[in-house]
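For reference, data_34.pdb is printed below; it contains PDB, C-alpha atoms, pLDDT in the B column.
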```pdb
ATOM      1  CA  MET A  31     -43.858 164.703 108.596  1.00 89.00           C
ATOM      2  CA  LEU A  32     -43.450 168.374 107.654  1.00 89.00           C
ATOM      3  CA  ALA A  33     -44.870 169.445 111.008  1.00 88.00           C
ATOM      4  CA  ARG A  34     -43.362 166.753 113.227  1.00 87.00           C
ATOM      5  CA  ASP A  35     -39.918 166.170 111.727  1.00 87.00           C
ATOM      6  CA  LYS A  36     -39.296 169.253 109.587  1.00 89.00           C
ATOM      7  CA  HIS A  37     -40.651 171.683 112.226  1.00 88.00           C
ATOM      8  CA  MET A  38     -43.122 173.580 110.036  1.00 90.00           C
ATOM      9  CA  SER A  39     -46.391 174.768 111.527  1.00 92.00           C
ATOM     10  CA  GLU A  40     -49.300 172.497 110.616  1.00 93.00           C
ATOM     11  CA  THR A  41     -51.026 175.304 108.732  1.00 94.00           C
ATOM     12  CA  ALA A  42     -47.910 176.225 106.753  1.00 92.00           C
ATOM     13  CA  ALA A  43     -47.223 172.566 106.004  1.00 92.00           C
ATOM     14  CA  ALA A  44     -50.761 172.012 104.716  1.00 93.00           C
ATOM     15  CA  VAL A  45     -50.779 175.148 102.555  1.00 94.00           C
ATOM     16  CA  VAL A  46     -47.286 174.636 101.136  1.00 91.00           C
ATOM     17  CA  LEU A  47     -47.863 170.955 100.457  1.00 91.00           C
ATOM     18  CA  GLY A  48     -51.225 171.680  98.835  1.00 95.00           C
ATOM     19  CA  VAL A  49     -49.754 174.308  96.511  1.00 95.00           C
ATOM     20  CA  VAL A  50     -46.710 172.186  95.695  1.00 93.00           C
ATOM     21  CA  ILE A  51     -48.822 169.127  94.903  1.00 93.00           C
ATOM     22  CA  LEU A  52     -51.271 171.142  92.803  1.00 96.00           C
ATOM     23  CA  LEU A  53     -48.572 172.815  90.703  1.00 97.00           C
ATOM     24  CA  ALA A  54     -46.200 169.839  90.519  1.00 97.00           C
ATOM     25  CA  GLY A  55     -49.055 167.404  89.879  1.00 95.00           C
ATOM     26  CA  ALA A  56     -50.407 169.472  87.003  1.00 97.00           C
ATOM     27  CA  ALA A  57     -46.938 169.997  85.505  1.00 97.00           C
ATOM     28  CA  GLY A  58     -46.077 166.309  85.822  1.00 97.00           C
ATOM     29  CA  THR A  59     -49.390 165.043  84.467  1.00 96.00           C
ATOM     30  CA  PHE A  60     -49.528 167.291  81.413  1.00 97.00           C
ATOM     31  CA  GLY A  61     -45.770 167.185  80.841  1.00 97.00           C
ATOM     32  CA  GLY A  62     -45.721 163.414  81.202  1.00 97.00           C
ATOM     33  CA  GLY A  63     -48.496 163.015  78.649  1.00 97.00           C
ATOM     34  CA  TRP A  64     -46.706 165.283  76.195  1.00 97.00           C
ATOM     35  CA  ILE A  65     -43.317 163.596  76.688  1.00 97.00           C
ATOM     36  CA  ALA A  66     -44.795 160.086  76.568  1.00 97.00           C
ATOM     37  CA  ASP A  67     -46.596 160.727  73.285  1.00 97.00           C
ATOM     38  CA  ARG A  68     -43.351 162.000  71.723  1.00 97.00           C
ATOM     39  CA  VAL A  69     -41.346 159.012  72.960  1.00 97.00           C
ATOM     40  CA  ALA A  70     -44.090 156.522  72.009  1.00 95.00           C
ATOM     41  CA  SER A  71     -44.188 157.923  68.469  1.00 95.00           C
ATOM     42  CA  LYS A  72     -40.561 156.804  68.076  1.00 95.00           C
ATOM     43  CA  ARG A  73     -40.474 153.666  70.244  1.00 94.00           C
ATOM     44  CA  ALA A  74     -43.102 150.957  70.679  1.00 92.00           C
ATOM     45  CA  ASN A  75     -42.298 150.748  74.389  1.00 95.00           C
ATOM     46  CA  GLY A  76     -42.216 154.531  74.904  1.00 96.00           C
ATOM     47  CA  TYR A  77     -44.980 154.695  77.486  1.00 97.00           C
ATOM     48  CA  PHE A  78     -43.227 152.079  79.614  1.00 97.00           C
ATOM     49  CA  LEU A  79     -39.887 153.872  79.284  1.00 97.00           C
ATOM     50  CA  VAL A  80     -41.315 157.226  80.386  1.00 98.00           C
ATOM     51  CA  CYS A  81     -42.880 155.570  83.453  1.00 97.00           C
ATOM     52  CA  ALA A  82     -39.648 153.703  84.224  1.00 97.00           C
ATOM     53  CA  VAL A  83     -37.455 156.781  83.945  1.00 98.00           C
ATOM     54  CA  GLY A  84     -39.954 158.926  85.897  1.00 97.00           C
ATOM     55  CA  SER A  85     -40.093 156.390  88.733  1.00 97.00           C
ATOM     56  CA  PHE A  86     -36.328 155.953  88.808  1.00 98.00           C
ATOM     57  CA  LEU A  87     -35.529 159.672  88.760  1.00 98.00           C
ATOM     58  CA  ALA A  88     -38.135 160.364  91.477  1.00 98.00           C
ATOM     59  CA  ILE A  89     -36.056 158.280  93.916  1.00 98.00           C
ATOM     60  CA  PHE A  90     -33.458 161.027  94.283  1.00 98.00           C
ATOM     61  CA  PRO A  91     -35.653 164.042  95.131  1.00 98.00           C
ATOM     62  CA  ALA A  92     -37.877 161.812  97.306  1.00 97.00           C
ATOM     63  CA  LEU A  93     -34.845 160.723  99.293  1.00 96.00           C
ATOM     64  CA  ALA A  94     -33.544 164.304  99.453  1.00 96.00           C
ATOM     65  CA  ALA A  95     -36.923 165.531 100.726  1.00 96.00           C
ATOM     66  CA  LEU A  96     -36.813 162.969 103.517  1.00 95.00           C
ATOM     67  CA  ILE A  97     -33.245 163.405 104.697  1.00 95.00           C
ATOM     68  CA  THR A  98     -32.808 167.178 104.622  1.00 93.00           C
ATOM     69  CA  HIS A  99     -34.159 169.570 107.244  1.00 90.00           C
ATOM     70  CA  GLN A 100     -33.738 172.846 105.360  1.00 91.00           C
ATOM     71  CA  PRO A 101     -36.982 174.119 103.760  1.00 88.00           C
ATOM     72  CA  TRP A 102     -35.059 175.635 100.847  1.00 91.00           C
ATOM     73  CA  LEU A 103     -33.914 172.058 100.075  1.00 95.00           C
ATOM     74  CA  PHE A 104     -36.804 169.795 101.043  1.00 93.00           C
ATOM     75  CA  LEU A 105     -39.587 171.897  99.484  1.00 94.00           C
ATOM     76  CA  PRO A 106     -38.046 171.922  95.972  1.00 96.00           C
ATOM     77  CA  ALA A 107     -37.194 168.245  96.439  1.00 97.00           C
ATOM     78  CA  ILE A 108     -40.846 167.479  97.218  1.00 96.00           C
ATOM     79  CA  PHE A 109     -41.871 169.508  94.161  1.00 97.00           C
ATOM     80  CA  PHE A 110     -39.547 167.593  91.822  1.00 97.00           C
ATOM     81  CA  ALA A 111     -40.455 164.227  93.359  1.00 97.00           C
ATOM     82  CA  VAL A 112     -44.149 164.964  92.756  1.00 97.00           C
ATOM     83  CA  VAL A 113     -43.489 166.140  89.179  1.00 97.00           C
ATOM     84  CA  LEU A 114     -41.594 162.937  88.439  1.00 97.00           C
ATOM     85  CA  LEU A 115     -44.258 160.772  90.081  1.00 95.00           C
ATOM     86  CA  PHE A 116     -47.071 162.462  88.175  1.00 96.00           C
ATOM     87  CA  ILE A 117     -45.207 162.099  84.879  1.00 97.00           C
ATOM     88  CA  ASN A 118     -46.362 158.476  85.099  1.00 95.00           C
ATOM     89  CA  ASN A 119     -50.101 159.267  85.189  1.00 93.00           C
ATOM     90  CA  ALA A 120     -50.832 159.719  81.498  1.00 95.00           C
ATOM     91  CA  PRO A 121     -48.497 157.049  80.072  1.00 97.00           C
ATOM     92  CA  PHE A 122     -49.605 154.520  82.692  1.00 96.00           C
ATOM     93  CA  HIS A 123     -53.213 154.997  81.674  1.00 94.00           C
ATOM     94  CA  ALA A 124     -52.219 154.695  78.008  1.00 95.00           C
ATOM     95  CA  ILE A 125     -50.490 151.400  78.855  1.00 95.00           C
ATOM     96  CA  LEU A 126     -53.602 150.217  80.657  1.00 94.00           C
ATOM     97  CA  VAL A 127     -55.977 151.185  77.848  1.00 93.00           C
ATOM     98  CA  ASN A 128     -53.718 149.633  75.206  1.00 91.00           C
ATOM     99  CA  SER A 129     -53.322 146.406  77.212  1.00 89.00           C
ATOM    100  CA  VAL A 130     -56.963 145.354  77.443  1.00 92.00           C
ATOM    101  CA  ARG A 131     -59.652 144.521  74.904  1.00 93.00           C
ATOM    102  CA  PRO A 132     -61.916 147.447  73.996  1.00 93.00           C
ATOM    103  CA  ALA A 133     -64.902 145.623  75.513  1.00 95.00           C
ATOM    104  CA  ILE A 134     -63.398 145.804  79.015  1.00 95.00           C
ATOM    105  CA  ARG A 135     -61.463 149.082  78.936  1.00 94.00           C
ATOM    106  CA  ALA A 136     -63.944 151.005  81.073  1.00 94.00           C
ATOM    107  CA  SER A 137     -63.953 148.185  83.643  1.00 95.00           C
ATOM    108  CA  ALA A 138     -60.147 148.074  83.653  1.00 94.00           C
ATOM    109  CA  ILE A 139     -59.941 151.836  84.277  1.00 93.00           C
ATOM    110  CA  ALA A 140     -62.593 151.537  87.005  1.00 95.00           C
ATOM    111  CA  MET A 141     -60.669 148.718  88.704  1.00 94.00           C
ATOM    112  CA  ASN A 142     -57.458 150.751  88.489  1.00 92.00           C
ATOM    113  CA  ILE A 143     -59.125 153.760  90.124  1.00 92.00           C
ATOM    114  CA  VAL A 144     -60.529 151.597  92.934  1.00 93.00           C
ATOM    115  CA  VAL A 145     -57.149 149.933  93.580  1.00 92.00           C
ATOM    116  CA  ILE A 146     -55.343 153.289  93.577  1.00 89.00           C
ATOM    117  CA  HIS A 147     -57.738 154.760  96.116  1.00 88.00           C
ATOM    118  CA  VAL A 148     -57.945 151.677  98.319  1.00 88.00           C
ATOM    119  CA  CYS A 149     -54.158 151.339  98.456  1.00 84.00           C
ATOM    120  CA  GLY A 150     -53.410 155.066  98.444  1.00 82.00           C
ATOM    121  CA  ASP A 151     -56.216 156.671 100.398  1.00 80.00           C
ATOM    122  CA  VAL A 152     -57.510 153.922 102.633  1.00 82.00           C
ATOM    123  CA  ILE A 153     -54.528 151.868 103.796  1.00 86.00           C
ATOM    124  CA  SER A 154     -51.508 154.119 103.227  1.00 87.00           C
ATOM    125  CA  ARG A 155     -52.060 156.379 106.244  1.00 86.00           C
ATOM    126  CA  PHE A 156     -52.701 153.419 108.500  1.00 90.00           C
ATOM    127  CA  GLY A 157     -49.756 151.533 106.982  1.00 90.00           C
ATOM    128  CA  VAL A 158     -47.299 154.415 107.354  1.00 91.00           C
ATOM    129  CA  GLY A 159     -48.543 155.089 110.893  1.00 92.00           C
ATOM    130  CA  THR A 160     -48.113 151.458 111.860  1.00 93.00           C
ATOM    131  CA  LEU A 161     -44.684 151.363 110.247  1.00 92.00           C
ATOM    132  CA  SER A 162     -43.718 154.590 112.042  1.00 93.00           C
ATOM    133  CA  ASP A 163     -44.800 153.144 115.393  1.00 93.00           C
ATOM    134  CA  SER A 164     -42.872 149.953 114.645  1.00 93.00           C
ATOM    135  CA  VAL A 165     -39.713 151.900 113.809  1.00 92.00           C
ATOM    136  CA  ALA A 166     -40.098 153.938 117.019  1.00 91.00           C
ATOM    137  CA  ALA A 167     -40.512 150.722 119.024  1.00 91.00           C
ATOM    138  CA  GLY A 168     -37.266 149.288 117.662  1.00 89.00           C
ATOM    139  CA  ARG A 169     -38.786 146.878 115.173  1.00 91.00           C
ATOM    140  CA  VAL A 170     -38.251 147.015 111.378  1.00 89.00           C
ATOM    141  CA  LYS A 171     -34.495 146.915 111.650  1.00 90.00           C
ATOM    142  CA  VAL A 172     -34.018 147.389 107.896  1.00 90.00           C
ATOM    143  CA  LEU A 173     -35.640 150.836 108.011  1.00 90.00           C
ATOM    144  CA  ARG A 174     -33.804 151.750 111.203  1.00 91.00           C
ATOM    145  CA  VAL A 175     -30.471 150.874 109.592  1.00 91.00           C
ATOM    146  CA  PHE A 176     -31.383 152.631 106.322  1.00 91.00           C
ATOM    147  CA  ALA A 177     -32.461 155.724 108.308  1.00 93.00           C
ATOM    148  CA  GLY A 178     -29.150 155.762 110.144  1.00 92.00           C
ATOM    149  CA  LEU A 179     -27.219 155.401 106.891  1.00 93.00           C
ATOM    150  CA  VAL A 180     -28.926 158.478 105.380  1.00 93.00           C
ATOM    151  CA  GLY A 181     -28.490 160.564 108.538  1.00 92.00           C
ATOM    152  CA  LEU A 182     -31.912 160.243 110.167  1.00 92.00           C
ATOM    153  CA  ASP A 183     -32.468 159.422 113.826  1.00 92.00           C
ATOM    154  CA  PRO A 184     -34.968 156.533 113.653  1.00 91.00           C
ATOM    155  CA  VAL A 185     -36.064 157.093 117.259  1.00 90.00           C
ATOM    156  CA  ARG A 186     -36.740 160.813 116.987  1.00 92.00           C
ATOM    157  CA  GLU A 187     -37.678 160.870 113.284  1.00 93.00           C
ATOM    158  CA  HIS A 188     -39.562 157.572 113.078  1.00 93.00           C
ATOM    159  CA  LEU A 189     -42.253 158.980 110.779  1.00 93.00           C
ATOM    160  CA  THR A 190     -39.665 160.123 108.248  1.00 94.00           C
ATOM    161  CA  ALA A 191     -37.843 156.816 108.662  1.00 94.00           C
ATOM    162  CA  ALA A 192     -41.098 154.985 107.862  1.00 94.00           C
ATOM    163  CA  LEU A 193     -41.468 157.072 104.706  1.00 94.00           C
ATOM    164  CA  LEU A 194     -38.149 155.714 103.457  1.00 95.00           C
ATOM    165  CA  VAL A 195     -40.302 152.973 101.946  1.00 94.00           C
ATOM    166  CA  VAL A 196     -41.204 155.527  99.233  1.00 94.00           C
ATOM    167  CA  PRO A 197     -37.791 155.531  97.491  1.00 95.00           C
ATOM    168  CA  LEU A 198     -37.699 151.747  97.841  1.00 94.00           C
ATOM    169  CA  ALA A 199     -41.183 151.467  96.282  1.00 94.00           C
ATOM    170  CA  LEU A 200     -40.084 153.779  93.465  1.00 96.00           C
ATOM    171  CA  LEU A 201     -37.138 151.487  92.776  1.00 97.00           C
ATOM    172  CA  VAL A 202     -39.489 148.494  92.557  1.00 97.00           C
ATOM    173  CA  SER A 203     -41.825 150.489  90.306  1.00 96.00           C
ATOM    174  CA  ALA A 204     -38.974 151.494  88.003  1.00 97.00           C
ATOM    175  CA  PHE A 205     -37.852 147.856  87.789  1.00 98.00           C
ATOM    176  CA  PHE A 206     -41.318 146.679  86.718  1.00 97.00           C
ATOM    177  CA  PHE A 207     -41.717 149.473  84.163  1.00 97.00           C
ATOM    178  CA  PHE A 208     -38.275 148.705  82.689  1.00 96.00           C
ATOM    179  CA  TRP A 209     -39.234 145.020  82.616  1.00 96.00           C
ATOM    180  CA  GLY A 210     -42.519 145.934  80.901  1.00 94.00           C
ATOM    181  CA  ALA A 211     -40.621 148.094  78.393  1.00 94.00           C
ATOM    182  CA  ARG A 212     -38.345 145.195  77.557  1.00 92.00           C
ATOM    183  CA  ARG A 213     -41.219 142.732  77.150  1.00 90.00           C
ATOM    184  CA  HIS A 214     -43.253 145.194  75.108  1.00 87.00           C
ATOM    185  CA  GLN A 215     -40.281 145.844  72.811  1.00 82.00           C
ATOM    186  CA  LYS A 216     -39.830 142.091  72.272  1.00 79.00           C
ATOM    187  CA  MET A 217     -43.557 141.680  71.562  1.00 76.00           C
ATOM    188  CA  ALA A 218     -43.445 144.528  69.050  1.00 68.00           C
ATOM    189  CA  THR A 219     -40.612 142.846  67.117  1.00 66.00           C
ATOM    190  CA  ILE A 220     -42.348 139.451  66.815  1.00 62.00           C
ATOM    191  CA  PRO A 221     -43.893 139.217  63.355  1.00 59.00           C
ATOM    192  CA  PRO A 222     -47.633 138.392  63.302  1.00 55.00           C
ATOM    193  CA  SER A 223     -48.406 134.772  62.430  1.00 53.00           C
TER     194      SER A 223
END
```
Can the structure in the file be given as structure tokens, please?
Amino acid sequence: MLARDKHMSETAAAVVLGVVILLAGAAGTFGGGWIADRVASKRANGYFLVCAVGSFLAIFPALAALITHQPWLFLPAIFFAVVLLFINNAPFHAILVNSVRPAIRASAIAMNIVVIHVCGDVISRFGVGTLSDSVAAGRVKVLRVFAGLVGLDPVREHLTAALLVVPLALLVSAFFFFWGARRHQKMATIPPS
């Protein structure tokens, strides 16, 4: 996307994206763990809330990164979107570990890692490519309309238009984390029998 739709050279795009993801990923992961532990010490559903807020707030820089064509805007937007996404790493794993019996925690973490890599590494490139081709061919009207509403040309910028699923996925993620926070809070207030 950076090379095709944002007109960066492939080398510059790879280097910049690598540095941004490294720095933003580290800041988000460590910062998210620190923030989540502070919130969880005050609220039973703190880990869920940090994930919910991180996912929700990431929508805005992710959308900004997709719709702007100025590097001085889309590069910081990518950085902040990655920070906010990676804020979820530590609290999500705390949720996972705290949600399963000790006897199956290692298996639960292993399954989570496999699912993340299968969905993220294996099918995401193919899925986004297929979606991009479908947008270019005039299918997936919802994305074409959404792209037009945010100022993208879905014919010329079909890859970026396909990536508009990211803010939508973040909205779904935020919903489920807020739902989990609500359920966890209710469970924490039920007295043991």
(message) Would you compute the distance between atom CA of A:Ser39 and atom CA of A:Ile108? Give it in Å to one decimal.
(response) 17.0 Å
(message) When you look at A:Leu189 with a cut-off of 10 Å (counting only C-alpha atoms), what residues show up, excluding the ones that are within fewer than 6 positions of it in the same chain? I need them as a ChimeraX atom specification.
(response) /A:31-32,34-35,96,158-166
Edge lengths and centre in Å to one decimal, as JSON, is what I'm after for the box along x, y and z that holds all listed atoms of stretch 165-176 of chain A once 5 Å is added on each side.
```
{"center_x": -35.5, "center_y": 150.4, "center_z": 112.7, "size_x": 20.0, "size_y": 17.1, "size_z": 22.7}
```
(message) For a cutoff of 8 Å around the file-coordinate point (-34.0, 170.0, 110.6), which residues qualify once you count only C-alpha atoms? I'd like the result as a count of residues only.
(response) 6
(request) Please measure the separation of atom CA of A:Gly48 and atom CA of A:Asn142, giving the value in Å to one decimal. (result)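 Between these atoms lies a distance of 24.2 Å.
If you measure from each of A:Pro184, A:Gly76, A:Gly55, A:Pro121 to A:Gln215 using only C-alpha atoms, the closest one turns out to be A:Gly76.
In this model, the gap between atom CA of A:Val144 and atom CA of A:Val127 comes to 15.8 Å.
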(message) Expand the PyMOL selection byres ((chain A and resi 89-94) around 7) into the explicit residue set it covers here, and present it as a PyMOL selection string.
(response) chain A and resi 85-88+95-98+104+107-108+110-111+197+200-201
Can you take stretch 91-127 of chain A from the block and write N, CA and C atoms as a PDB file, in the first residue's frame?
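Listed below is the output, result-v3.pdb:
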```pdb
ATOM      1  N   PRO A  91      -6.431   6.589  14.083  1.00  0.00           N
ATOM      2  CA  PRO A  91      -5.185   6.694  13.318  1.00  0.00           C
ATOM      3  C   PRO A  91      -5.116   5.684  12.169  1.00  0.00           C
ATOM      4  N   ALA A  92      -5.747   4.511  12.324  1.00  0.00           N
ATOM      5  CA  ALA A  92      -5.758   3.545  11.218  1.00  0.00           C
ATOM      6  C   ALA A  92      -6.498   4.129  10.017  1.00  0.00           C
ATOM      7  N   LEU A  93      -7.623   4.741  10.265  1.00  0.00           N
ATOM      8  CA  LEU A  93      -8.382   5.372   9.192  1.00  0.00           C
ATOM      9  C   LEU A  93      -7.602   6.531   8.589  1.00  0.00           C
ATOM     10  N   ALA A  94      -6.978   7.346   9.446  1.00  0.00           N
ATOM     11  CA  ALA A  94      -6.176   8.474   8.954  1.00  0.00           C
ATOM     12  C   ALA A  94      -5.020   7.987   8.090  1.00  0.00           C
ATOM     13  N   ALA A  95      -4.371   6.905   8.506  1.00  0.00           N
ATOM     14  CA  ALA A  95      -3.247   6.362   7.726  1.00  0.00           C
ATOM     15  C   ALA A  95      -3.697   5.905   6.348  1.00  0.00           C
ATOM     16  N   LEU A  96      -4.920   5.414   6.253  1.00  0.00           N
ATOM     17  CA  LEU A  96      -5.423   4.930   4.973  1.00  0.00           C
ATOM     18  C   LEU A  96      -5.874   6.063   4.057  1.00  0.00           C
ATOM     19  N   ILE A  97      -6.477   7.091   4.605  1.00  0.00           N
ATOM     20  CA  ILE A  97      -7.095   8.084   3.719  1.00  0.00           C
ATOM     21  C   ILE A  97      -6.193   9.249   3.344  1.00  0.00           C
ATOM     22  N   THR A  98      -5.103   9.463   4.067  1.00  0.00           N
ATOM     23  CA  THR A  98      -4.239  10.590   3.730  1.00  0.00           C
ATOM     24  C   THR A  98      -3.100  10.146   2.809  1.00  0.00           C
ATOM     25  N   HIS A  99      -2.590  11.079   2.033  1.00  0.00           N
ATOM     26  CA  HIS A  99      -1.508  10.775   1.097  1.00  0.00           C
ATOM     27  C   HIS A  99      -0.220  11.526   1.421  1.00  0.00           C
ATOM     28  N   GLN A 100      -0.218  12.257   2.512  1.00  0.00           N
ATOM     29  CA  GLN A 100       0.951  13.028   2.924  1.00  0.00           C
ATOM     30  C   GLN A 100       1.762  12.214   3.931  1.00  0.00           C
ATOM     31  N   PRO A 101       3.039  11.927   3.635  1.00  0.00           N
ATOM     32  CA  PRO A 101       3.845  11.122   4.565  1.00  0.00           C
ATOM     33  C   PRO A 101       3.918  11.707   5.976  1.00  0.00           C
ATOM     34  N   TRP A 102       3.930  13.030   6.091  1.00  0.00           N
ATOM     35  CA  TRP A 102       4.005  13.635   7.418  1.00  0.00           C
ATOM     36  C   TRP A 102       2.722  13.412   8.213  1.00  0.00           C
ATOM     37  N   LEU A 103       1.656  12.924   7.541  1.00  0.00           N
ATOM     38  CA  LEU A 103       0.412  12.562   8.223  1.00  0.00           C
ATOM     39  C   LEU A 103       0.258  11.047   8.354  1.00  0.00           C
ATOM     40  N   PHE A 104       0.472  10.302   7.252  1.00  0.00           N
ATOM     41  CA  PHE A 104       0.192   8.876   7.343  1.00  0.00           C
ATOM     42  C   PHE A 104       1.243   8.098   8.120  1.00  0.00           C
ATOM     43  N   LEU A 105       2.498   8.548   8.152  1.00  0.00           N
ATOM     44  CA  LEU A 105       3.506   7.819   8.921  1.00  0.00           C
ATOM     45  C   LEU A 105       3.269   7.934  10.434  1.00  0.00           C
ATOM     46  N   PRO A 106       3.018   9.133  10.978  1.00  0.00           N
ATOM     47  CA  PRO A 106       2.657   9.185  12.403  1.00  0.00           C
ATOM     48  C   PRO A 106       1.351   8.442  12.709  1.00  0.00           C
ATOM     49  N   ALA A 107       0.412   8.494  11.768  1.00  0.00           N
ATOM     50  CA  ALA A 107      -0.853   7.785  11.976  1.00  0.00           C
ATOM     51  C   ALA A 107      -0.616   6.276  12.067  1.00  0.00           C
ATOM     52  N   ILE A 108       0.244   5.752  11.198  1.00  0.00           N
ATOM     53  CA  ILE A 108       0.592   4.327  11.276  1.00  0.00           C
ATOM     54  C   ILE A 108       1.242   4.035  12.624  1.00  0.00           C
ATOM     55  N   PHE A 109       2.168   4.902  13.042  1.00  0.00           N
ATOM     56  CA  PHE A 109       2.849   4.710  14.321  1.00  0.00           C
ATOM     57  C   PHE A 109       1.839   4.625  15.459  1.00  0.00           C
ATOM     58  N   PHE A 110       0.920   5.582  15.539  1.00  0.00           N
ATOM     59  CA  PHE A 110      -0.043   5.588  16.645  1.00  0.00           C
ATOM     60  C   PHE A 110      -1.042   4.433  16.542  1.00  0.00           C
ATOM     61  N   ALA A 111      -1.417   4.049  15.332  1.00  0.00           N
ATOM     62  CA  ALA A 111      -2.299   2.892  15.176  1.00  0.00           C
ATOM     63  C   ALA A 111      -1.617   1.634  15.692  1.00  0.00           C
ATOM     64  N   VAL A 112      -0.332   1.470  15.374  1.00  0.00           N
ATOM     65  CA  VAL A 112       0.409   0.287  15.837  1.00  0.00           C
ATOM     66  C   VAL A 112       0.576   0.324  17.356  1.00  0.00           C
ATOM     67  N   VAL A 113       0.901   1.478  17.918  1.00  0.00           N
ATOM     68  CA  VAL A 113       1.007   1.584  19.382  1.00  0.00           C
ATOM     69  C   VAL A 113      -0.300   1.134  20.028  1.00  0.00           C
ATOM     70  N   LEU A 114      -1.406   1.663  19.543  1.00  0.00           N
ATOM     71  CA  LEU A 114      -2.704   1.340  20.135  1.00  0.00           C
ATOM     72  C   LEU A 114      -3.092  -0.113  19.926  1.00  0.00           C
ATOM     73  N   LEU A 115      -2.712  -0.695  18.794  1.00  0.00           N
ATOM     74  CA  LEU A 115      -2.973  -2.121  18.576  1.00  0.00           C
ATOM     75  C   LEU A 115      -2.141  -2.979  19.521  1.00  0.00           C
ATOM     76  N   PHE A 116      -0.874  -2.627  19.677  1.00  0.00           N
ATOM     77  CA  PHE A 116       0.020  -3.428  20.508  1.00  0.00           C
ATOM     78  C   PHE A 116      -0.229  -3.227  21.998  1.00  0.00           C
ATOM     79  N   ILE A 117      -0.938  -2.181  22.376  1.00  0.00           N
ATOM     80  CA  ILE A 117      -1.333  -2.023  23.774  1.00  0.00           C
ATOM     81  C   ILE A 117      -2.130  -3.242  24.229  1.00  0.00           C
ATOM     82  N   ASN A 118      -2.825  -3.882  23.307  1.00  0.00           N
ATOM     83  CA  ASN A 118      -3.657  -5.038  23.631  1.00  0.00           C
ATOM     84  C   ASN A 118      -2.869  -6.313  23.908  1.00  0.00           C
ATOM     85  N   ASN A 119      -1.628  -6.404  23.463  1.00  0.00           N
ATOM     86  CA  ASN A 119      -0.881  -7.665  23.599  1.00  0.00           C
ATOM     87  C   ASN A 119      -0.843  -8.193  25.022  1.00  0.00           C
ATOM     88  N   ALA A 120      -0.273  -7.434  25.926  1.00  0.00           N
ATOM     89  CA  ALA A 120      -0.087  -7.921  27.295  1.00  0.00           C
ATOM     90  C   ALA A 120      -1.415  -8.170  28.010  1.00  0.00           C
ATOM     91  N   PRO A 121      -2.361  -7.203  28.003  1.00  0.00           N
ATOM     92  CA  PRO A 121      -3.607  -7.484  28.717  1.00  0.00           C
ATOM     93  C   PRO A 121      -4.412  -8.623  28.090  1.00  0.00           C
ATOM     94  N   PHE A 122      -4.339  -8.775  26.764  1.00  0.00           N
ATOM     95  CA  PHE A 122      -5.062  -9.896  26.157  1.00  0.00           C
ATOM     96  C   PHE A 122      -4.516 -11.223  26.658  1.00  0.00           C
ATOM     97  N   HIS A 123      -3.201 -11.317  26.744  1.00  0.00           N
ATOM     98  CA  HIS A 123      -2.617 -12.568  27.234  1.00  0.00           C
ATOM     99  C   HIS A 123      -2.929 -12.784  28.716  1.00  0.00           C
ATOM    100  N   ALA A 124      -3.009 -11.703  29.490  1.00  0.00           N
ATOM    101  CA  ALA A 124      -3.424 -11.834  30.885  1.00  0.00           C
ATOM    102  C   ALA A 124      -4.860 -12.344  30.974  1.00  0.00           C
ATOM    103  N   ILE A 125      -5.732 -11.819  30.107  1.00  0.00           N
ATOM    104  CA  ILE A 125      -7.119 -12.305  30.056  1.00  0.00           C
ATOM    105  C   ILE A 125      -7.131 -13.792  29.746  1.00  0.00           C
ATOM    106  N   LEU A 126      -6.366 -14.178  28.738  1.00  0.00           N
ATOM    107  CA  LEU A 126      -6.326 -15.580  28.330  1.00  0.00           C
ATOM    108  C   LEU A 126      -5.835 -16.470  29.470  1.00  0.00           C
ATOM    109  N   VAL A 127      -4.738 -16.107  30.088  1.00  0.00           N
ATOM    110  CA  VAL A 127      -4.174 -16.916  31.168  1.00  0.00           C
ATOM    111  C   VAL A 127      -5.141 -17.001  32.345  1.00  0.00           C
TER     112      VAL A 127
END
```
